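Trainee: Got a structure for you, questions after.
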Amino acid sequence: MNKKRWQASERRVFFLRLGRKLIQYAFVIVVALTLNFCLPRLAPGDPLSFVIGADTANGLTPEQREQLEKDLGLDGTVLQQYGKFMSGVLVFDLGSSTKFGKPVTTVLGERIPWTVFVVLPALVLSPFIGIILGAYAAWNRGRKRDVGMLTVILTLESMPAFWVAMILIAVFGVSLGWLPTFGAAPLFKTDNWSYMVDVLRHLVLPVATITIASAGTNFLLTRSSMLDTLGQDYMMMAEAKGVRKSRIIYRHALRNALLPVYTHITMSLGILVSGAVVVETVFSYPGIGSLLFESVIARDYALMQGVFLIITIGVIFANLLADLTYPLVDPRARIRKPVEGSV
């Protein structure tokens, strides 16, 4: 088998793998959308009663109730509503929000950018901090530095995200008064530069909360993987030859140790989006997380389904990205190249 035939075989394997993954995730999406449709309807409460009030809803005639349910997309049987929901998803028509009185896609479009502003910085900072500290702790394994960092990280890992948020609010928002503790922007817009600075100041505590709450996992994964790598014969040989400490850690050991961490990093996009629900609620931040909380309180079926859909897509996309890019990071995951001259 020559080089060209091997390359063609590798491409064929890649596209076969891609096709299988797409079919698999298409099935996952259908199951997730079905659960997405069913779960809000299992919760107690009537969206019609919320919109017009329980007393008014009880006093409606059957004709009036039927018309209002039709306007809100709640008419027909559950199966009919399910069919309408699934067909609407295909064209991204998610209905209207009973709470906000406008299309769900419009509400999502207004809130998604705020969540992106929170999640993306945390997605960069969390792996960076966790990997650097994890590698440093592994090199100093058993020493006071390693024990101290491990103690702090395990303590933070055991704390719920809202505890971390409350501590940051108490210290930097209340005691020191350095940073705002709620919202995403100042109540009154001034000039563009001041407004942008205030928006960034409002971002600090939510981003810090998500980063601190998620960096621990990256630290522990990196430390564990680094300890395994540093125990290899070739690493001890490099140390015995007098290779610089920084070169051993960050050029040789960390490169191999990052392979298991990479999968977690790519999948953490979905984890961070779902984790933003609590953080955004604590900080009254107008993102997808707080929107989900508002929709649950309001029994807004269409809006709940829309938010769940965004979170589901984020998690599935992160998994697909990890599956498809891992062979690029770890060549061992690809098909093996045959020895020259073999048939």
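Convention: chains lettered A, B, ... in structure tokens order; per-chain residue numbering from 1; ligands numbered from 1 as shown.
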Which residues of stretch 215-319 of chain A come within 9 Å of stretch 110-116 of chain A, and for each one, what is the closest pair of atoms and their distance in Å to one decimal, counting only C-alpha atoms, sorted by chain and residue number, as a Markdown table?

Mentor:
| residue | atom | partner | partner_atom | distance |
| --- | --- | --- | --- | --- |
| A:Val273 | CA | A:Thr115 | CA | 7.7 |
| A:Ala276 | CA | A:Thr115 | CA | 7.7 |
| A:Glu280 | CA | A:Thr115 | CA | 8.4 |
| A:Tyr285 | CA | A:Trp114 | CA | 7.9 |
| A:Pro286 | CA | A:Arg111 | CA | 6.2 |
| A:Gly287 | CA | A:Arg111 | CA | 4.7 |
| A:Ile288 | CA | A:Arg111 | CA | 5.7 |
| A:Gly289 | CA | A:Thr115 | CA | 7.7 |
| A:Leu291 | CA | A:Arg111 | CA | 7.6 |

Trainee: Store the residues picked out above in a file with C-alpha atoms, as a PDB file, in the first residue's frame.

Mentor:
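So the final result, stored in result.pdb, reads:
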ATOM      1  CA  VAL A 273     -23.285  27.084  29.754  1.00  0.00           C
ATOM      2  CA  ALA A 276     -24.064  29.664  34.199  1.00  0.00           C
ATOM      3  CA  GLU A 280     -26.365  34.375  36.405  1.00  0.00           C
ATOM      4  CA  TYR A 285     -27.104  38.755  35.078  1.00  0.00           C
ATOM      5  CA  PRO A 286     -29.376  38.891  32.000  1.00  0.00           C
ATOM      6  CA  GLY A 287     -28.092  35.779  30.241  1.00  0.00           C
ATOM      7  CA  ILE A 288     -29.469  32.383  29.289  1.00  0.00           C
ATOM      8  CA  GLY A 289     -29.110  31.072  32.853  1.00  0.00           C
ATOM      9  CA  LEU A 291     -33.671  33.486  31.563  1.00  0.00           C
TER      10      LEU A 291
END

Trainee: For stretch 20-33 of chain A, list every protein, DNA or RNA residue within 8 Å, evaluated using only C-alpha atoms, and leave out those in the same chain fewer than 4 positions away; present the list as a list of chain:residue names.

Mentor: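 Listing them by chain and then by number gives A:Leu16, A:Phe37, A:Met86, A:Leu309, A:Thr312, A:Ile313, A:Ile316, A:Leu320.
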
Trainee: How would the residues just chosen look if you wrote them out with N, CA and C atoms as a short mmCIF file (atom, residue, chain, number, x, y, z; two decimals), in the first residue's frame?

Mentor:
data_model
loop_
_atom_site.label_atom_id
_atom_site.label_comp_id
_atom_site.auth_asym_id
_atom_site.auth_seq_id
_atom_site.Cartn_x
_atom_site.Cartn_y
_atom_site.Cartn_z
N LEU A 16 -16.24 8.25 7.41
CA LEU A 16 -17.10 7.23 7.99
C LEU A 16 -17.34 7.51 9.47
N PHE A 37 -39.46 18.85 25.43
CA PHE A 37 -40.88 19.14 25.30
C PHE A 37 -41.67 18.64 26.51
N MET A 86 -41.76 20.17 17.16
CA MET A 86 -40.66 19.58 16.38
C MET A 86 -40.55 20.22 15.01
N LEU A 309 -33.15 24.02 24.53
CA LEU A 309 -32.63 23.72 23.20
C LEU A 309 -31.24 24.29 23.02
N THR A 312 -28.82 22.28 25.12
CA THR A 312 -28.62 20.96 24.51
C THR A 312 -27.69 21.04 23.31
N ILE A 313 -27.91 22.03 22.46
CA ILE A 313 -27.06 22.20 21.28
C ILE A 313 -25.62 22.47 21.71
N ILE A 316 -24.07 19.09 22.95
CA ILE A 316 -23.85 18.16 21.85
C ILE A 316 -22.72 18.65 20.94
N LEU A 320 -19.30 16.65 20.06
CA LEU A 320 -18.92 16.38 18.67
C LEU A 320 -17.54 16.96 18.36
#

Trainee: Which residues are near A:Trp163? Cut-off 12 Å, only C-alpha atoms, ignore same chain within fewer than 3 positions. Put them as a PyMOL selection string.

Mentor: chain A and resi 155-160+166-170+209-210+212-213+278-279+282

Trainee: Near A:Val147, counting only C-alpha atoms, which residues have an atom at most 12 Å away, once you skip same-chain residues fewer than 5 positions from it, shown as an MDAnalysis selection string?

Mentor: chainID A and resid 134 136:142 152:154 223

Trainee: Just want the 10 Å neighbourhood of A:Ala185, counted on only C-alpha atoms, with same-chain residues fewer than 2 positions away dropped. Output as a list in words.

Mentor: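 The filter keeps Pro180, Phe182, Gly183, Leu187, Phe188, Lys189, Tyr195, Met196, Val197, Asp198, Val199, Leu200, Arg201, His202, Leu203, Tyr285 and Pro286 of chain A.
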
Trainee: Fewer than 2 positions away in the same chain doesn't count, so skip those; otherwise give me all residues within 7 Å of stretch 90-101 of chain A, counting only C-alpha atoms, as a list in words.

Mentor: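 Here the qualifying residues turn out to be Val51, Leu72, Phe85, Met86, Ser87, Gly88, Pro103, Val104, Thr105, Ala298, Asp300, Ala302, Leu303 and Gly306 of chain A.
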
Trainee: With N, CA and C atoms retained, could you export that selection as a tab-separated table (two decimals), in the first residue's frame?

Mentor:
chain	number	residue	atom	x	y	z
A	51	VAL	N	-50.50	34.27	32.80
A	51	VAL	CA	-50.61	35.43	31.91
A	51	VAL	C	-51.77	36.33	32.31
A	72	LEU	N	-51.61	31.32	22.34
A	72	LEU	CA	-50.37	31.01	23.06
A	72	LEU	C	-49.72	29.71	22.60
A	85	PHE	N	-44.16	21.59	17.82
A	85	PHE	CA	-42.86	21.97	18.40
A	85	PHE	C	-41.71	21.45	17.55
A	86	MET	N	-41.76	20.17	17.16
A	86	MET	CA	-40.66	19.58	16.38
A	86	MET	C	-40.55	20.22	15.01
A	87	SER	N	-41.68	20.48	14.37
A	87	SER	CA	-41.62	21.14	13.06
A	87	SER	C	-41.12	22.57	13.18
A	88	GLY	N	-41.45	23.22	14.29
A	88	GLY	CA	-40.97	24.58	14.51
A	88	GLY	C	-39.47	24.63	14.74
A	103	PRO	N	-41.58	36.76	20.23
A	103	PRO	CA	-41.04	35.45	19.83
A	103	PRO	C	-39.88	35.00	20.71
A	104	VAL	N	-39.84	33.70	20.94
A	104	VAL	CA	-38.78	33.13	21.78
A	104	VAL	C	-37.41	33.40	21.16
A	105	THR	N	-37.32	33.31	19.84
A	105	THR	CA	-36.03	33.55	19.18
A	105	THR	C	-35.53	34.97	19.43
A	298	ALA	N	-42.29	31.50	35.58
A	298	ALA	CA	-43.46	31.95	34.85
A	298	ALA	C	-44.22	30.81	34.16
A	300	ASP	N	-43.43	29.39	31.52
A	300	ASP	CA	-43.41	29.76	30.11
A	300	ASP	C	-42.85	28.58	29.31
A	302	ALA	N	-42.85	27.66	26.10
A	302	ALA	CA	-42.09	27.93	24.88
A	302	ALA	C	-40.70	28.45	25.19
A	303	LEU	N	-40.59	29.33	26.15
A	303	LEU	CA	-39.30	29.90	26.51
A	303	LEU	C	-38.40	28.86	27.17
A	306	GLY	N	-37.02	26.72	24.52
A	306	GLY	CA	-35.99	27.41	23.76
A	306	GLY	C	-34.65	27.43	24.48

Trainee: Could you check which of A:Phe128, A:Gly59, A:Met304, A:Lys84 is closest to A:Ala215, using only C-alpha atoms?

Mentor: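 Between A:Phe128, A:Gly59, A:Met304, A:Lys84, the residue approaching A:Ala215 most closely is A:Phe128.
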
Trainee: Considering only C-alpha atoms, return as a list of chain:residue names whatever protein or nucleic-acid residues lie within 10 Å of A:Ala135, sequence-local ones (same chain, fewer than 4 positions apart) excluded.

Mentor: A:Gly130, A:Ile131, A:Trp139, A:Asn140, A:Arg141, A:Phe219, A:Leu220, A:Leu221, A:Thr222, A:Arg223, A:Ser224, A:Ser225, A:Met226, A:Leu227, A:Ile249, A:Tyr250, A:Ala253, A:Leu254, A:Ala257, A:Leu258

Trainee: How would the residues just chosen look if you wrote them out with N, CA and C atoms as a short mmCIF file (atom, residue, chain, number, x, y, z; two decimals), in the first residue's frame?

Mentor:
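And here is the file that came out, part.cif:
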data_model
loop_
_atom_site.label_atom_id
_atom_site.label_comp_id
_atom_site.auth_asym_id
_atom_site.auth_seq_id
_atom_site.Cartn_x
_atom_site.Cartn_y
_atom_site.Cartn_z
N GLY A 130 -5.87 26.21 35.55
CA GLY A 130 -5.84 24.83 36.06
C GLY A 130 -4.65 24.05 35.54
N ILE A 131 -4.31 24.21 34.26
CA ILE A 131 -3.20 23.46 33.67
C ILE A 131 -1.86 23.92 34.22
N TRP A 139 5.04 18.68 39.51
CA TRP A 139 6.49 18.70 39.58
C TRP A 139 6.97 18.78 41.03
N ASN A 140 6.20 19.45 41.89
CA ASN A 140 6.55 19.58 43.31
C ASN A 140 5.75 18.61 44.17
N ARG A 141 5.45 17.45 43.63
CA ARG A 141 4.61 16.47 44.32
C ARG A 141 5.18 16.13 45.70
N PHE A 219 -7.21 21.48 37.10
CA PHE A 219 -6.03 21.32 37.96
C PHE A 219 -5.84 19.84 38.33
N LEU A 220 -6.89 19.20 38.80
CA LEU A 220 -6.78 17.81 39.25
C LEU A 220 -6.46 16.86 38.10
N LEU A 221 -7.10 17.09 36.94
CA LEU A 221 -6.82 16.24 35.77
C LEU A 221 -5.37 16.41 35.31
N THR A 222 -4.91 17.66 35.25
CA THR A 222 -3.54 17.92 34.80
C THR A 222 -2.54 17.33 35.78
N ARG A 223 -2.77 17.53 37.06
CA ARG A 223 -1.85 17.02 38.08
C ARG A 223 -1.75 15.50 38.01
N SER A 224 -2.90 14.83 37.93
CA SER A 224 -2.91 13.37 37.88
C SER A 224 -2.20 12.86 36.62
N SER A 225 -2.51 13.47 35.48
CA SER A 225 -1.89 13.05 34.22
C SER A 225 -0.39 13.34 34.21
N MET A 226 0.00 14.49 34.79
CA MET A 226 1.42 14.85 34.86
C MET A 226 2.20 13.86 35.74
N LEU A 227 1.60 13.43 36.84
CA LEU A 227 2.28 12.49 37.72
C LEU A 227 2.55 11.17 37.00
N ILE A 249 9.04 20.20 32.18
CA ILE A 249 7.62 20.31 32.54
C ILE A 249 6.77 20.71 31.34
N TYR A 250 7.13 21.82 30.74
CA TYR A 250 6.22 22.43 29.77
C TYR A 250 6.46 22.00 28.31
N ALA A 253 6.78 16.89 29.38
CA ALA A 253 5.76 16.24 30.20
C ALA A 253 4.36 16.77 29.91
N LEU A 254 4.22 18.10 29.90
CA LEU A 254 2.89 18.68 29.76
C LEU A 254 2.27 18.36 28.41
N ALA A 257 0.86 14.99 28.80
CA ALA A 257 -0.12 14.92 29.88
C ALA A 257 -1.43 15.61 29.52
N LEU A 258 -1.41 16.51 28.53
CA LEU A 258 -2.60 17.27 28.19
C LEU A 258 -3.62 16.48 27.39
#

Trainee: Calculated over only C-alpha atoms, which of the candidates A:Tyr82, A:Thr211, A:Gly177, A:Gln64 has the smallest distance to A:Leu35?

Mentor: A:Tyr82

Trainee: Could you check how far atom CA of A:Leu125 sits from atom CA of A:Phe172, in Å to one decimal?

Mentor: 19.5 Å

Trainee: For the structure I just gave you, how does DSSP split stretch 47-212 of chain A - specifically, which residues are alpha helix (DSSP H)? Reply as an NGL selection string.

Mentor: :A and (47-52 or 54-58 or 62-71 or 78-90 or 104-139 or 144-157 or 161-168 or 192-212)
